[in-house]
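Novice: Got a structure for you, written out below as structure tokens; questions coming shortly.
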Amino acid sequence: MDGAVVRREVRLNAAGVTLDGLLALPVGGQALVLFAHGSGSSRFSPRNRLVAERLNAAGIGTLLFDLLTADEHRIDEVTREFRFNIPLLSRRLIGAIDWADGEADTRALRLGLFGSSTGAAAALLAAAERPRRVAAVVSRGGRPDLAGAALPRVQAPTLLLVGGEDHQVLGLNREAAQQMRIRPRLETVAGASHLFEEPGTLDRVIQLAIDWFARHLCRD
């Protein structure tokens, strides 16, 4: 069964709503990474699904789930009102953390969070609210600055990944890092723009994320 991954669709009760997700657990794995997407994305995001598949291949479980309900997603596509509602997104993510704690096949796993865009702020806020449960955070092209007053309360080792050509977001990440007490690692990916669409740049992000989660979530 080496390398086998058990996948199942799940429905999470999180912060008063029901959210759809996809849970993937490598047989014998020790860790689970919850994804917090942003900017109108969903569990079907090709980039996040690729990251999840590569994490699974490295023996790390993943939970891809929608932070918004179907109705909220439709509204957000027009108004963009939910994607920047960090308190709402973080409550949903905290609800997913608590859901994982209640499931027989995930409650013993060490938890990490992978946040993209505004989802990175939600991930950091959730890490601040669940310091004993969240053991590592990775932000990909994220907006950690939007976590605001929660930044100094984050205790989990945090990796901030930003495209070297994404100058505005890079500046915001540097400012956010200065507000964090745990001294996050800020890694710029040379030649990459905000979405890491340039050849080889997303592969670099994925490898850095795998290394970070393996280091902080997986015991020898």
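Within each chain, counting starts at residue 1; across the structure tokens, chains are named A, B, ... in the order shown, with ligands numbered 1 upward in that order.
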Could you find all residues in chain A that DSSP calls strand (DSSP E or B) from the backbone, and write them as a ChimeraX atom specification?
Specialist: /A:5-14,17-26,31-36,61-65,110-116,134-140,158-163,185-189
Novice: Residues within 7 Å of Ala190 (chain A), please, as JSON, numbers by chain. Count only C-alpha atoms; anything in the same chain fewer than 2 positions from it doesn't count.
Specialist: {"A": [163, 164, 188, 192]}
Novice: Using only C-alpha atoms, determine which residues lie at most 8 Å from Gly142 (chain A), disregarding the query and same-chain residues fewer than 3 positions distant; provide the list as a ChimeraX atom specification.
Specialist: /A:115-121,139,160-162,169,173
Novice: Please, which residues of region 78-219 of chain A, numbered as in this document, come out alpha helix (DSSP H) from DSSP, as a PyMOL selection string?
Specialist: chain A and resi 78-79+86-102+118-129+167-179+201-217
Novice: Using only C-alpha atoms, pick whichever of A:Gly148, A:Trp212, A:Arg204, A:Arg11 has the shortest atom-to-atom distance to Glu103 (chain A).
Specialist: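 Once distances to Glu103 (chain A) are computed over only C-alpha atoms, the minimum belongs to A:Arg11.
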Novice: Within 10 Å of Gly16 (chain A), counting only C-alpha atoms, which residues show up once you throw out same-chain ones fewer than 6 positions away? Write them as a list in words, please.
Specialist: Arg91, Arg92 and Gly95 of chain A
Novice: Within 9 Å of Phe82 (chain A), counting only C-alpha atoms, which residues show up once you throw out same-chain ones fewer than 4 positions away? Write them as a PyMOL selection string, please.
Specialist: chain A and resi 39-40+68+72-73+75-76+86+88-89
Novice: Go ahead and write the selection's residues with C-alpha atoms as a compact mmCIF listing (two decimals), in the first residue's frame.
Specialist:
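So the final result, stored in again17.txt, reads:
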```txt
# COMPACT_ATOMS: atom_id res chain seq x y z
CA SER A 39 -9.80 35.95 -4.61
CA GLY A 40 -12.93 34.12 -5.71
CA LEU A 68 -17.91 30.11 0.55
CA GLU A 72 -22.03 33.32 -1.62
CA HIS A 73 -19.68 32.39 -4.44
CA ILE A 75 -22.64 36.87 -5.23
CA ASP A 76 -18.90 37.31 -4.79
CA ILE A 86 -11.10 37.93 6.41
CA LEU A 88 -15.64 35.35 7.79
CA LEU A 89 -13.04 33.31 5.89
```
Novice: Select, from A:Leu22, A:Ala126, A:Leu113, A:Ala52, the residue with the minimum atom-to-atom distance to Ile206 (chain A), counting only C-alpha atoms.
Specialist: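 Closest to Ile206 (chain A) of all the choices is A:Ala52.
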Novice: Do a neighbour search on Leu63 (chain A) at 12 Å with only C-alpha atoms, toss out local chain neighbours closer than 4 positions, and write the hits as a PyMOL selection string.
Specialist: chain A and resi 6-12+19-26+31-37+43-44+48-49+51-53+55-56+67+93+96-97+99-100+106+111-114
Novice: Would you compute the distance between CA of Ala128 (chain A) and CA of Arg153 (chain A)? Give it in Å to one decimal.
Specialist: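 Separating CA of Ala128 (chain A) from CA of Arg153 (chain A) is a distance of 5.3 Å.
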Novice: Quick one, how far is CA of Arg54 (chain A) from CA of Ile210 (chain A)?
Specialist: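 For CA of Arg54 (chain A) relative to CA of Ile210 (chain A), the distance reads 8.0 Å.
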Novice: Using only C-alpha atoms, can you tell me which of A:Ala70, A:Ala149, A:Ala177, A:Leu217 comes closest to Val134 (chain A)?
Specialist: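 Closest residue, counting only C-alpha atoms: A:Leu217.
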